[in-house]
Each structure stands twice: as C-alpha cells, then as structure tokens.
file query04.cif (mmCIF, C-alpha atoms)
data_upload
loop_
_atom_site.label_atom_id
_atom_site.label_comp_id
_atom_site.auth_asym_id
_atom_site.auth_seq_id
_atom_site.Cartn_x
_atom_site.Cartn_y
_atom_site.Cartn_z
CA MET A 424 29.21 12.25 6.64
CA ILE A 425 27.33 15.45 6.18
CA ASN A 426 28.45 18.58 8.00
CA PHE A 427 25.22 20.26 8.94
CA THR A 428 24.87 23.93 8.19
CA GLU A 429 23.41 26.08 10.93
CA GLU A 430 20.18 26.26 9.02
CA GLN A 431 20.00 22.47 8.75
CA LEU A 432 20.76 22.07 12.45
CA GLU A 433 17.80 24.26 13.24
CA ARG A 434 15.49 22.94 10.54
CA TYR A 435 16.02 19.32 11.54
CA SER A 436 16.50 19.94 15.26
CA ARG A 437 13.43 17.93 16.27
CA HIS A 438 14.81 14.90 14.45
CA ILE A 439 18.30 15.48 15.78
CA ILE A 440 17.20 15.54 19.42
CA LEU A 441 14.91 12.57 18.89
CA LYS A 442 16.08 9.45 20.70
CA ASP A 443 16.47 6.51 18.31
CA PHE A 444 16.77 8.87 15.33
CA GLY A 445 19.24 11.64 16.10
CA VAL A 446 22.09 12.98 13.98
CA GLU A 447 22.78 9.54 12.54
CA GLY A 448 19.21 9.02 11.40
CA GLN A 449 19.08 12.50 9.89
CA VAL A 450 22.35 11.99 8.02
CA LYS A 451 21.09 8.67 6.69
CA ILE A 452 17.87 10.11 5.31
CA MET A 453 19.72 13.09 3.84
CA ASN A 454 21.83 10.62 1.89
CA ALA A 455 18.86 8.45 0.86
CA LYS A 456 16.50 8.32 -2.08
CA THR A 457 12.79 7.51 -1.91
CA LEU A 458 10.40 7.11 -4.81
CA ILE A 459 6.71 7.87 -4.52
CA ILE A 460 4.59 6.25 -7.22
CA GLY A 461 1.44 8.30 -7.57
CA VAL A 462 1.17 11.80 -6.11
CA GLY A 463 -2.49 11.54 -5.28
CA GLY A 464 -4.19 10.87 -1.96
CA LEU A 465 -1.39 8.81 -0.42
CA GLY A 466 1.48 10.40 -2.31
CA SER A 467 0.57 13.97 -1.33
CA PRO A 468 1.26 13.64 2.40
CA ALA A 469 4.18 11.32 1.67
CA ALA A 470 5.79 13.92 -0.60
CA LEU A 471 5.27 16.74 1.88
CA TYR A 472 6.55 14.85 4.92
CA LEU A 473 9.55 13.42 3.08
CA ALA A 474 10.46 16.89 1.83
CA ALA A 475 9.99 18.34 5.31
CA ALA A 476 12.17 15.58 6.76
CA GLY A 477 15.02 16.45 4.41
CA MET A 478 15.09 13.21 2.43
CA GLY A 479 18.08 13.55 0.08
CA THR A 480 16.29 12.73 -3.15
CA ILE A 481 12.57 12.24 -3.63
CA GLY A 482 11.32 10.87 -6.91
CA ILE A 483 7.70 11.34 -7.85
CA VAL A 484 5.94 9.41 -10.59
CA ASP A 485 2.55 10.33 -12.02
CA SER A 486 1.11 10.74 -15.48
CA ASP A 487 -2.05 12.56 -14.41
CA ILE A 488 -3.10 16.15 -14.32
CA VAL A 489 -4.76 17.82 -11.33
CA GLU A 490 -8.56 17.61 -11.44
CA LEU A 491 -11.12 19.32 -9.25
CA SER A 492 -12.29 16.10 -7.61
CA ASN A 493 -8.68 15.38 -6.54
CA LEU A 494 -8.53 18.37 -4.23
CA GLN A 495 -10.79 16.82 -1.57
CA ARG A 496 -7.85 14.67 -0.43
CA GLN A 497 -4.73 15.27 -2.56
CA VAL A 498 -3.49 18.08 -0.36
CA ILE A 499 -0.26 18.86 -2.20
CA HIS A 500 -2.30 20.21 -5.13
CA PHE A 501 -4.04 23.56 -4.86
CA THR A 502 -6.93 25.08 -6.75
CA LYS A 503 -4.50 27.14 -8.85
CA ASP A 504 -2.90 23.89 -10.05
CA LEU A 505 -5.98 22.57 -11.85
CA ASN A 506 -5.13 21.05 -15.23
CA THR A 507 -1.37 21.08 -14.58
CA HIS A 508 0.78 17.97 -14.31
CA LYS A 509 0.61 16.46 -10.84
CA VAL A 510 4.38 15.96 -10.71
CA THR A 511 5.00 19.63 -11.52
CA SER A 512 2.45 20.82 -8.99
CA ALA A 513 3.88 18.51 -6.30
CA ALA A 514 7.53 19.36 -6.97
CA GLU A 515 6.79 23.06 -6.63
CA LYS A 516 5.30 22.61 -3.13
CA MET A 517 8.03 20.23 -1.99
CA LEU A 518 10.80 22.62 -2.97
CA ALA A 519 8.96 25.58 -1.47
CA LEU A 520 8.73 23.64 1.79
CA ASN A 521 12.35 22.57 1.75
CA PRO A 522 14.82 23.74 -0.93
CA ASP A 523 17.34 21.38 0.67
CA VAL A 524 15.90 18.30 -1.06
CA THR A 525 16.31 17.13 -4.63
CA VAL A 526 13.03 16.32 -6.38
CA LYS A 527 13.04 14.20 -9.51
CA THR A 528 9.85 14.16 -11.52
CA HIS A 529 8.80 11.28 -13.74
CA HIS A 530 5.79 12.29 -15.80
CA VAL A 531 5.08 8.78 -17.04
CA PHE A 532 2.53 6.03 -16.58
CA ILE A 533 4.38 3.15 -14.94
CA SER A 534 4.34 -0.06 -16.90
CA ALA A 535 6.17 -3.35 -17.14
CA ASP A 536 8.49 -1.71 -19.66
CA ASN A 537 9.69 1.22 -17.58
CA ILE A 538 9.20 0.51 -13.88
CA ARG A 539 12.40 -1.39 -13.15
CA GLN A 540 14.50 1.30 -14.73
CA ILE A 541 12.81 3.97 -12.61
CA ILE A 542 12.86 2.24 -9.23
CA GLN A 543 16.47 1.01 -9.54
CA LYS A 544 17.82 4.42 -8.56
CA TYR A 545 15.98 4.48 -5.22
CA ASP A 546 16.41 2.95 -1.76
CA PHE A 547 12.72 2.73 -0.88
CA VAL A 548 9.43 2.93 -2.78
CA ILE A 549 6.06 4.17 -1.57
CA ASP A 550 3.07 2.79 -3.45
CA GLY A 551 0.49 5.54 -3.75
CA THR A 552 -1.36 4.12 -6.75
CA ASP A 553 -5.02 3.40 -7.15
CA SER A 554 -5.37 0.15 -9.08
CA PHE A 555 -4.84 -3.53 -8.44
CA ALA A 556 -2.76 -3.74 -11.61
CA ALA A 557 -0.33 -1.01 -10.52
CA LYS A 558 -0.03 -2.47 -7.03
CA PHE A 559 0.96 -5.89 -8.29
CA LEU A 560 3.33 -4.33 -10.83
CA ILE A 561 5.08 -2.34 -8.07
CA ASN A 562 5.24 -5.41 -5.84
CA ASP A 563 6.72 -7.58 -8.56
CA ALA A 564 9.24 -4.96 -9.69
CA CYS A 565 10.38 -4.17 -6.13
CA VAL A 566 10.77 -7.87 -5.28
CA MET A 567 12.72 -8.48 -8.49
CA GLU A 568 14.98 -5.49 -7.84
CA GLY A 569 15.27 -6.19 -4.11
CA ILE A 570 13.98 -2.74 -3.16
CA PRO A 571 11.89 -2.43 0.02
CA TYR A 572 8.53 -0.77 -0.40
CA SER A 573 5.34 0.19 1.38
CA HIS A 574 2.02 -1.07 0.06
CA GLY A 575 -0.98 1.09 0.81
CA GLY A 576 -4.64 1.06 -0.08
CA ILE A 577 -7.67 3.06 0.96
CA LEU A 578 -11.35 2.74 0.27
CA ARG A 579 -14.35 4.44 1.80
CA PHE A 580 -13.46 4.66 5.51
CA ASN A 581 -10.80 1.95 5.49
CA GLY A 582 -7.09 1.80 4.97
CA GLN A 583 -4.49 -0.94 4.86
CA THR A 584 -0.73 -0.99 4.62
CA MET A 585 2.18 -3.42 4.74
CA THR A 586 5.91 -3.03 4.32
CA VAL A 587 7.68 -5.51 2.07
CA MET A 588 11.36 -6.42 2.49
CA PRO A 589 12.03 -8.51 -0.63
CA GLY A 590 13.43 -11.94 0.15
CA GLU A 591 12.88 -11.43 3.86
CA SER A 592 9.21 -10.77 4.47
CA ALA A 593 5.87 -11.59 2.87
CA CYS A 594 5.14 -9.82 -0.41
CA LEU A 595 1.78 -8.80 -1.82
CA ARG A 596 1.53 -12.05 -3.79
CA CYS A 597 2.20 -14.12 -0.66
CA VAL A 598 -1.01 -12.61 0.72
CA PHE A 599 -3.26 -11.81 -2.24
CA GLU A 600 -1.81 -14.08 -4.96
CA GLU A 601 -2.95 -12.14 -8.02
CA PRO A 602 -5.10 -9.22 -9.05
CA PRO A 603 -8.80 -9.93 -9.53
CA PRO A 604 -9.87 -10.49 -13.12
CA ALA A 605 -10.88 -7.26 -14.78
CA ASP A 606 -14.56 -8.21 -14.76
CA ALA A 607 -14.59 -9.17 -11.08
CA VAL A 608 -15.23 -5.70 -9.73
CA PRO A 609 -18.48 -4.89 -11.45
CA THR A 610 -19.49 -1.63 -9.89
CA CYS A 611 -17.93 1.34 -8.27
CA ALA A 612 -21.20 2.96 -7.43
CA GLN A 613 -20.80 2.84 -3.68
CA ALA A 614 -17.12 3.67 -3.48
CA GLY A 615 -15.60 6.94 -2.48
CA VAL A 616 -13.17 7.79 0.25
CA LEU A 617 -12.97 10.04 3.29
CA GLY A 618 -10.23 12.52 2.41
CA ALA A 619 -8.54 12.42 5.80
CA ILE A 620 -7.88 8.69 5.53
CA ALA A 621 -5.46 9.36 2.68
CA GLY A 622 -3.47 11.57 5.02
CA MET A 623 -3.46 8.94 7.74
CA LEU A 624 -2.28 6.17 5.48
CA GLY A 625 0.21 8.23 3.48
CA THR A 626 1.90 9.37 6.67
CA ILE A 627 2.11 5.81 8.02
CA GLN A 628 3.82 4.80 4.77
CA THR A 629 6.18 7.76 5.09
CA ALA A 630 7.03 6.81 8.66
CA GLU A 631 7.95 3.34 7.41
CA ALA A 632 10.25 4.84 4.76
CA LEU A 633 11.94 7.07 7.35
CA LYS A 634 12.31 4.20 9.83
CA PHE A 635 13.82 1.92 7.22
CA LEU A 636 16.23 4.53 5.91
CA ALA A 637 17.26 5.75 9.35
CA GLY A 638 17.61 2.13 10.50
CA THR A 639 15.37 2.54 13.50
CA GLY A 640 12.41 0.67 14.96
CA LYS A 641 10.55 -2.37 13.75
CA LEU A 642 8.97 -2.27 10.31
CA LEU A 643 5.43 -3.29 9.41
CA THR A 644 6.65 -6.49 7.79
CA ASN A 645 4.90 -9.84 7.89
CA SER A 646 1.78 -8.02 8.95
CA ILE A 647 -0.95 -5.94 7.41
CA LEU A 648 -2.29 -3.00 9.34
CA PHE A 649 -5.98 -2.46 8.65
CA PHE A 650 -8.02 0.37 10.05
CA ASP A 651 -11.62 1.40 10.01
CA LEU A 652 -12.29 5.06 10.68
CA LEU A 653 -15.95 4.55 11.51
CA SER A 654 -15.14 2.44 14.54
CA MET A 655 -11.58 3.86 14.81
CA GLU A 656 -10.30 0.32 15.14
CA PHE A 657 -6.76 -0.54 14.11
CA ILE A 658 -6.11 -4.23 13.51
CA LYS A 659 -2.72 -5.75 12.75
CA HIS A 660 -3.06 -9.05 10.92
CA THR A 661 0.00 -11.24 11.25
CA ILE A 662 0.94 -12.91 7.97
CA GLU A 663 3.84 -14.99 6.81
CA ARG A 664 5.81 -15.60 3.66
CA ASP A 665 4.27 -18.21 1.42
CA ARG A 666 6.82 -20.76 0.32
CA GLU A 667 4.51 -21.42 -2.63
CA CYS A 668 4.38 -17.74 -3.63
CA ALA A 669 4.57 -17.46 -7.40
CA LEU A 670 6.96 -14.53 -7.06
CA CYS A 671 9.12 -14.96 -3.95
CA GLY A 672 8.50 -18.59 -3.00
CA ASP A 673 10.80 -21.59 -3.30
CA GLU A 674 9.90 -22.27 -6.91
CA PRO A 675 8.79 -18.99 -8.43
CA THR A 676 6.84 -19.07 -11.67
CA ILE A 677 6.87 -15.32 -12.28
CA HIS A 678 10.14 -14.21 -13.83
CA GLU A 679 9.04 -11.27 -15.92
CA LEU A 680 6.83 -8.28 -15.37
CA ILE A 681 3.53 -8.08 -17.14
CA ASP A 682 0.94 -5.34 -17.35
CA GLU A 683 -2.17 -6.72 -15.71
CA GLN A 684 -5.40 -5.60 -17.23
CA GLN A 685 -6.62 -2.37 -15.71
CA ILE A 686 -10.09 -2.45 -14.29
CA VAL A 687 -12.04 0.32 -15.88
CA CYS A 688 -14.66 1.49 -13.51
CA GLU A 689 -17.87 3.03 -14.70
CA LEU A 690 -19.37 5.52 -12.33
CA LYS A 691 -22.92 4.32 -11.93
CA THR A 692 -25.63 6.10 -10.09
CA ILE A 693 -28.21 4.30 -8.03
CA MET B 556 -20.08 -25.34 16.27
CA ARG B 557 -18.17 -22.24 17.19
CA VAL B 558 -15.36 -20.73 15.12
CA LYS B 559 -13.48 -17.47 15.38
CA ILE B 560 -13.69 -15.11 12.43
CA ASN B 561 -11.34 -12.14 12.60
CA GLY B 562 -11.24 -12.52 16.35
CA GLU B 563 -14.98 -12.73 16.88
CA ASP B 564 -17.01 -15.81 17.78
CA TYR B 565 -19.24 -17.16 15.07
CA LEU B 566 -21.85 -19.83 15.74
CA THR B 567 -23.35 -22.14 13.16
CA GLU B 568 -25.55 -25.18 13.42
CA LYS B 569 -23.35 -27.06 10.98
CA GLU B 570 -20.69 -29.38 12.29
CA THR B 571 -18.33 -28.55 9.44
CA ILE B 572 -18.45 -25.97 6.71
CA THR B 573 -16.25 -25.30 3.70
CA LEU B 574 -14.24 -22.11 3.76
CA ILE B 575 -16.01 -20.76 0.70
CA GLU B 576 -19.43 -21.34 2.28
CA LEU B 577 -18.33 -19.62 5.46
CA LEU B 578 -17.03 -16.57 3.57
CA LYS B 579 -20.25 -16.34 1.61
CA VAL B 580 -22.38 -16.63 4.74
CA ARG B 581 -20.35 -13.74 6.11
CA GLY B 582 -21.43 -11.71 3.10
CA LEU B 583 -18.12 -11.59 1.30
CA LYS B 584 -18.77 -11.26 -2.39
CA ARG B 585 -15.44 -10.24 -3.87
CA LEU B 586 -13.57 -13.43 -3.11
CA GLU B 587 -11.03 -12.52 -5.80
CA THR B 588 -9.60 -9.87 -3.50
CA VAL B 589 -9.66 -11.77 -0.22
CA SER B 590 -6.79 -13.40 1.63
CA VAL B 591 -7.64 -16.03 4.24
CA GLN B 592 -5.60 -17.59 7.00
CA LEU B 593 -6.96 -20.71 8.69
CA ASN B 594 -5.34 -21.24 12.08
CA GLY B 595 -2.53 -18.92 11.05
CA ARG B 596 -1.78 -20.56 7.70
CA LEU B 597 -2.55 -18.92 4.36
CA VAL B 598 -5.09 -20.79 2.26
CA LYS B 599 -4.70 -20.53 -1.52
CA ARG B 600 -7.79 -19.14 -3.17
CA LYS B 601 -8.19 -22.23 -5.35
CA ASN B 602 -8.49 -24.31 -2.17
CA PHE B 603 -11.36 -22.32 -0.64
CA PRO B 604 -14.04 -24.78 -1.89
CA THR B 605 -12.26 -27.86 -0.52
CA THR B 606 -10.96 -26.46 2.76
CA ILE B 607 -13.05 -27.60 5.72
CA VAL B 608 -13.52 -25.36 8.73
CA LYS B 609 -14.06 -27.21 12.00
CA GLU B 610 -15.02 -26.46 15.61
CA ASN B 611 -12.71 -23.92 17.29
CA ASP B 612 -10.90 -23.06 14.06
CA ASP B 613 -9.54 -19.56 13.71
CA VAL B 614 -10.35 -17.83 10.42
CA ASP B 615 -8.70 -14.51 9.63
CA TYR B 616 -9.48 -12.70 6.40
CA ILE B 617 -8.29 -9.48 4.76
CA LEU B 618 -9.70 -7.78 1.67
CA MET B 619 -7.19 -6.14 -0.61
CA MET B 620 -7.74 -2.46 -1.19
CA SER B 621 -6.68 -1.15 -4.49
CA GLY B 622 -5.64 2.24 -3.26
CA GLY B 623 -7.28 5.47 -4.25
CA ILE B 624 -10.85 5.01 -5.19
CA PHE B 625 -12.99 3.21 -7.65
CA GLU B 626 -14.27 6.32 -9.15
CA LYS B 627 -13.85 7.54 -12.63
CA GLU B 628 -12.65 11.07 -12.33
CA LYS B 629 -13.11 12.22 -15.87
#

call {"tool": "encode", "arguments": {"input": "query04.cif", "output": "structure tokens"}}
result
Amino acid sequence: MINFTEEQLERYSRHIILKDFGVEGQVKIMNAKTLIIGVGGLGSPAALYLAAAGMGTIGIVDSDIVELSNLQRQVIHFTKDLNTHKVTSAAEKMLALNPDVTVKTHHVFISADNIRQIIQKYDFVIDGTDSFAAKFLINDACVMEGIPYSHGGILRFNGQTMTVMPGESACLRCVFEEPPPADAVPTCAQAGVLGAIAGMLGTIQTAEALKFLAGTGKLLTNSILFFDLLSMEFIKHTIERDRECALCGDEPTIHELIDEQQIVCELKTI
Amino acid sequence: MRVKINGEDYLTEKETITLIELLKVRGLKRLETVSVQLNGRLVKRKNFPTTIVKENDDVDYILMMSGGIFEKEK
C-alpha cells in the first residue's frame, strides 16, 4: 500500500475521486509497469498519458532518432529534439510532466533475440510499432510470456486496435494468421496518415493499459475496434479465439520467435 | 442472391460465389492482410478459394494495419 503524499493526492485527485477507479486503481497503477514499444505516433500519447497518470514504471523501446517528418504526429518530440534518440527525447518530456514516475529507456531495435528479455519485466505492453513484422513479433513474445498487450495500427484515416489476454482471448495470429510476404505490399505511394489519428489510437491503447492494471471495466478483448475518421464511424468486430491458431491454439506449431522479413517500402511518386 | 458484407447488403446475380471471388469483386487486393469471418466463424486464408458463400450469409472482413505508415522517412 502506498501512502500518498499531499502532492500525489492533489496530482491524482481526478483519478482518486473517479468511481470505478479511485484510490485502489491509483495505487495499482503506481505499483505497475508498462512497456511501450515504439515512441512514435502511437507511443507518444501513450507515454505522455501514462506518465501523467502516475504509472509506476514506464519502459520505452525505440532505436530511431527524431526526424522532421515525425513531428506531424509524434507529439512527444519537439523541433529542438531533431536528430536525438527518440527514447531520450521522450523520457525527458515524461519526467518533466511527472517526476513521480520511473522511465526506463531501451535504445534497441526489438528482435527475436532480445524481446522476451525486455518484456518480461513488465505487466502490460503497448504496441506502437509500424511494421507487420514487429507486430507479429510482439504478439508472439507476449503470448509466450503470458503478458497482456494492446495491438494498434493506423493508416491514412483509419485506426484499429485489439487487446490480447494471452491464453484467454484471441491473439493477432487467431485473426490475421501471419504477416504478408515481403513482396505482397508493392507500393506505399498512396499511404500517409492524419496526425490526429495517432493520438486517438494511442490514447485508446493507454486507456486499455490503465483499465487492465487498475482492474476496472471490460477490455477490448475478442474484438477489434476499427474506425474511419472520414465518416467518423467506429465499428467493433467481434472475433473469437481460433482453436487452430498456430500460436495459441490447441496444437501450436510456433514454439520459437523468428524475425519476419521486414517490408522495405519505397516511396514512389505518381 | 443477397449477402451481408460488413453489415451492408450486397446483391449479386450469382447463386453462389467463392469467398475469394467475393472479396475481389469488393475490390480487396491485399488478401494477405485480410481476416474474414463467415457467419461469425474465422475462415483460414488458404480456404478462401474453396469456401462458398450462399444466400443470406454474413461476411465480415478486417484488413490488418501495420501501424505507423508505409512511408520511408529517410
């Protein structure tokens, strides 16, 4: 049990007075550890809101540096941070927002060799990555380690997210089986993303982390939330665990992590 | 016949259609990233060509989004 200081009582007062969250929920998140993989579009709002909420420990993983084209949506990074490590830039803002939290930075590129070791220390994982390969790697590692996580993806004006409770609810492979072959996504010419959608999705993922860790509400499990900003339609697709899932089914065939081939995307102009 | 695709009615003159044909008619090109449920049950991708969609069937599909963006930021 944490004895709140006066400052904490005031800082977290809107959580503490919140029905279905309260002192208990706040204490739980202050004792919890969440890992954010990728401090980009999705990871930026996640990192800020988790820090603001007083999450005990927040781990951030990213091997990139801040580039100018990131700033349109990766709101934790500022113009002054250009060319610095994303994890360093993010940690600085998180601690400035709330010195009460512990931030652990992992300046690495996640791979089959290191991911299990990194995620083991955390209670919940937020996927803020931008490739099919990384998403399947996170799914597989979290299912193998039994760590709940939030899947998230954005593209153009669309977002989708699902929460995975390993062994209990559908995993990414139950739904999407495997990443597309590297040559299956031939062009990226028409892609792009509305910056604000990253904020919308990253905060939904963060809410799932806070709900899970505080033990409140119903998680976005066995369903995928899809939204389209152009029509402002939110659709919840109900899904179920696949007993034939190669990872979490009755007779799994995947027992080890592998690094799927990354799709390298050429920026073509039309 | 009439089928439901993602909650909307879809009419076709055919009496039956394979799932893969239906997805293609709907303009889906990246079938490697699609997940389909037929009447609430997941259909494995390898079974798309042999799965028959019939009158009043309910087809629900989701495309996987890879996160960030397909844009080379270098």

call {"tool": "residues_near_point", "arguments": {"input": "query04.cif", "point": "(-9.2, -17.0, 16.7)", "cutoff": "8 Å", "atoms": "all atoms listed in the file", "output": "tab-separated table (two decimals) with C-alpha atoms, in the frame of the given file"}}
result
chain	number	residue	atom	x	y	z
B	558	VAL	CA	-15.36	-20.73	15.12
B	559	LYS	CA	-13.48	-17.47	15.38
B	560	ILE	CA	-13.69	-15.11	12.43
B	561	ASN	CA	-11.34	-12.14	12.60
B	562	GLY	CA	-11.24	-12.52	16.35
B	563	GLU	CA	-14.98	-12.73	16.88
B	564	ASP	CA	-17.01	-15.81	17.78
B	594	ASN	CA	-5.34	-21.24	12.08
B	611	ASN	CA	-12.71	-23.92	17.29
B	612	ASP	CA	-10.90	-23.06	14.06
B	613	ASP	CA	-9.54	-19.56	13.71
B	614	VAL	CA	-10.35	-17.83	10.42
B	615	ASP	CA	-8.70	-14.51	9.63

call {"tool": "resolve_selection", "arguments": {"input": "query04.cif", "expression": "the PyMOL selection byres ((chain A and resi 576-590) around 8)", "output": "ChimeraX atom specification"}}
result
/A:551,553,565-567,569-575,591-595,614-617,620-621,624,628,631,642-653,671 /B:619-624

call {"tool": "residues_around", "arguments": {"input": "query04.cif", "residues": "Arg581 of chain B", "least_positions_apart": "5", "cutoff": "10 Å", "atoms": "all atoms listed in the file", "output": "short mmCIF file (atom, residue, chain, number, x, y, z; two decimals) with C-alpha atoms, keeping the file's coordinate frame"}}
result
data_model
loop_
_atom_site.label_atom_id
_atom_site.label_comp_id
_atom_site.auth_asym_id
_atom_site.auth_seq_id
_atom_site.Cartn_x
_atom_site.Cartn_y
_atom_site.Cartn_z
CA ILE B 560 -13.69 -15.11 12.43
CA TYR B 565 -19.24 -17.16 15.07
CA ILE B 575 -16.01 -20.76 0.70
CA GLU B 576 -19.43 -21.34 2.28
#

call {"tool": "closest_residue", "arguments": {"input": "query04.cif", "among": "B:Leu578, B:Thr567, B:Arg585, B:Met556", "to": "chain A", "atoms": "all atoms listed in the file"}}
result
B:Arg585

call {"tool": "atom_distance", "arguments": {"input": "query04.cif", "atom1": "atom CA of Ala513 of chain A", "atom2": "atom CA of Ala474 of chain A"}}
result
10.6 Å

call {"tool": "atom_distance", "arguments": {"input": "query04.cif", "atom1": "atom CA of Val598 of chain B", "atom2": "atom CA of His660 of chain A"}}
result
14.7 Å

call {"tool": "residues_around", "arguments": {"input": "query04.cif", "residues": "Glu447 of chain A", "least_positions_apart": "3", "cutoff": "10 Å", "atoms": "only C-alpha atoms", "output": "VMD selection string"}}
result
chain A and resid 424 to 425 438 to 439 443 to 444 450 to 453 637 to 638

call {"tool": "resolve_selection", "arguments": {"input": "query04.cif", "expression": "the PyMOL selection byres ((chain A and resi 522) around 12)", "output": "list in words"}}
result
Glu430, Gln431, Arg434, Ala474, Ala475, Ala476, Gly477, Met478, Gly479, Thr480, Ala514, Glu515, Lys516, Met517, Leu518, Ala519, Leu520, Asn521, Asp523, Val524, Thr525 and Val526 of chain A

call {"tool": "resolve_selection", "arguments": {"input": "query04.cif", "expression": "the PyMOL selection byres ((chain B and resi 608) around 8)", "output": "list of chain:residue names"}}
result
B:Thr571, B:Ile572, B:Thr573, B:Leu574, B:Thr606, B:Ile607, B:Lys609, B:Glu610, B:Asp612

call {"tool": "closest_residue", "arguments": {"input": "query04.cif", "among": "A:Val510, A:Ala605, A:Leu680, A:Leu458", "to": "chain B", "atoms": "all atoms listed in the file"}}
result
A:Ala605

call {"tool": "decode", "arguments": {"input": "query04.cif", "residues": "segment 607-623 of chain B", "atoms": "N, CA, C and O atoms", "output": "mmCIF file, in the first residue's frame"}}
result
data_model
loop_
_atom_site.group_PDB
_atom_site.id
_atom_site.type_symbol
_atom_site.label_atom_id
_atom_site.label_comp_id
_atom_site.auth_asym_id
_atom_site.auth_seq_id
_atom_site.Cartn_x
_atom_site.Cartn_y
_atom_site.Cartn_z
ATOM 1 N N ILE B 607 -17.549 -21.477 -50.059
ATOM 2 C CA ILE B 607 -18.689 -20.999 -50.846
ATOM 3 C C ILE B 607 -19.577 -20.088 -49.990
ATOM 4 O O ILE B 607 -19.923 -20.430 -48.864
ATOM 5 N N VAL B 608 -19.887 -18.940 -50.554
ATOM 6 C CA VAL B 608 -20.793 -18.008 -49.877
ATOM 7 C C VAL B 608 -22.184 -18.163 -50.493
ATOM 8 O O VAL B 608 -22.328 -18.172 -51.717
ATOM 9 N N LYS B 609 -23.172 -18.325 -49.616
ATOM 10 C CA LYS B 609 -24.537 -18.582 -50.102
ATOM 11 C C LYS B 609 -25.501 -17.471 -49.668
ATOM 12 O O LYS B 609 -25.143 -16.604 -48.868
ATOM 13 N N GLU B 610 -26.703 -17.546 -50.204
ATOM 14 C CA GLU B 610 -27.773 -16.597 -49.882
ATOM 15 C C GLU B 610 -27.859 -16.362 -48.373
ATOM 16 O O GLU B 610 -27.822 -17.326 -47.585
ATOM 17 N N ASN B 611 -27.978 -15.093 -47.995
ATOM 18 C CA ASN B 611 -28.154 -14.683 -46.592
ATOM 19 C C ASN B 611 -26.922 -14.908 -45.695
ATOM 20 O O ASN B 611 -27.022 -14.750 -44.487
ATOM 21 N N ASP B 612 -25.805 -15.279 -46.284
ATOM 22 C CA ASP B 612 -24.590 -15.425 -45.473
ATOM 23 C C ASP B 612 -24.119 -14.044 -44.992
ATOM 24 O O ASP B 612 -24.370 -13.028 -45.625
ATOM 25 N N ASP B 613 -23.406 -14.089 -43.900
ATOM 26 C CA ASP B 613 -22.893 -12.873 -43.284
ATOM 27 C C ASP B 613 -21.360 -12.898 -43.390
ATOM 28 O O ASP B 613 -20.729 -13.771 -42.810
ATOM 29 N N VAL B 614 -20.819 -11.973 -44.161
ATOM 30 C CA VAL B 614 -19.358 -11.930 -44.348
ATOM 31 C C VAL B 614 -18.821 -10.670 -43.662
ATOM 32 O O VAL B 614 -19.297 -9.577 -43.912
ATOM 33 N N ASP B 615 -17.846 -10.870 -42.795
ATOM 34 C CA ASP B 615 -17.260 -9.750 -42.064
ATOM 35 C C ASP B 615 -15.757 -9.783 -42.326
ATOM 36 O O ASP B 615 -15.133 -10.806 -42.102
ATOM 37 N N TYR B 616 -15.210 -8.706 -42.834
ATOM 38 C CA TYR B 616 -13.763 -8.738 -43.056
ATOM 39 C C TYR B 616 -13.055 -7.546 -42.414
ATOM 40 O O TYR B 616 -13.645 -6.486 -42.237
ATOM 41 N N ILE B 617 -11.813 -7.761 -42.044
ATOM 42 C CA ILE B 617 -10.974 -6.719 -41.432
ATOM 43 C C ILE B 617 -9.619 -6.759 -42.126
ATOM 44 O O ILE B 617 -9.062 -7.842 -42.327
ATOM 45 N N LEU B 618 -9.088 -5.599 -42.468
ATOM 46 C CA LEU B 618 -7.723 -5.535 -43.010
ATOM 47 C C LEU B 618 -6.772 -5.196 -41.874
ATOM 48 O O LEU B 618 -7.060 -4.329 -41.067
ATOM 49 N N MET B 619 -5.655 -5.883 -41.821
ATOM 50 C CA MET B 619 -4.684 -5.579 -40.772
ATOM 51 C C MET B 619 -3.915 -4.316 -41.127
ATOM 52 O O MET B 619 -3.459 -4.149 -42.245
ATOM 53 N N MET B 620 -3.802 -3.449 -40.155
ATOM 54 C CA MET B 620 -2.988 -2.246 -40.366
ATOM 55 C C MET B 620 -1.662 -2.430 -39.663
ATOM 56 O O MET B 620 -1.613 -2.890 -38.528
ATOM 57 N N SER B 621 -0.639 -2.028 -40.342
ATOM 58 C CA SER B 621 0.684 -2.347 -39.819
ATOM 59 C C SER B 621 1.183 -1.301 -38.843
ATOM 60 O O SER B 621 2.307 -1.344 -38.418
ATOM 61 N N GLY B 622 0.370 -0.354 -38.505
ATOM 62 C CA GLY B 622 0.839 0.657 -37.572
ATOM 63 C C GLY B 622 1.238 1.886 -38.324
ATOM 64 O O GLY B 622 0.668 2.153 -39.366
ATOM 65 N N GLY B 623 2.096 2.636 -37.792
ATOM 66 C CA GLY B 623 2.613 3.855 -38.400
ATOM 67 C C GLY B 623 2.215 4.052 -39.841
ATOM 68 O O GLY B 623 1.039 4.047 -40.181
#
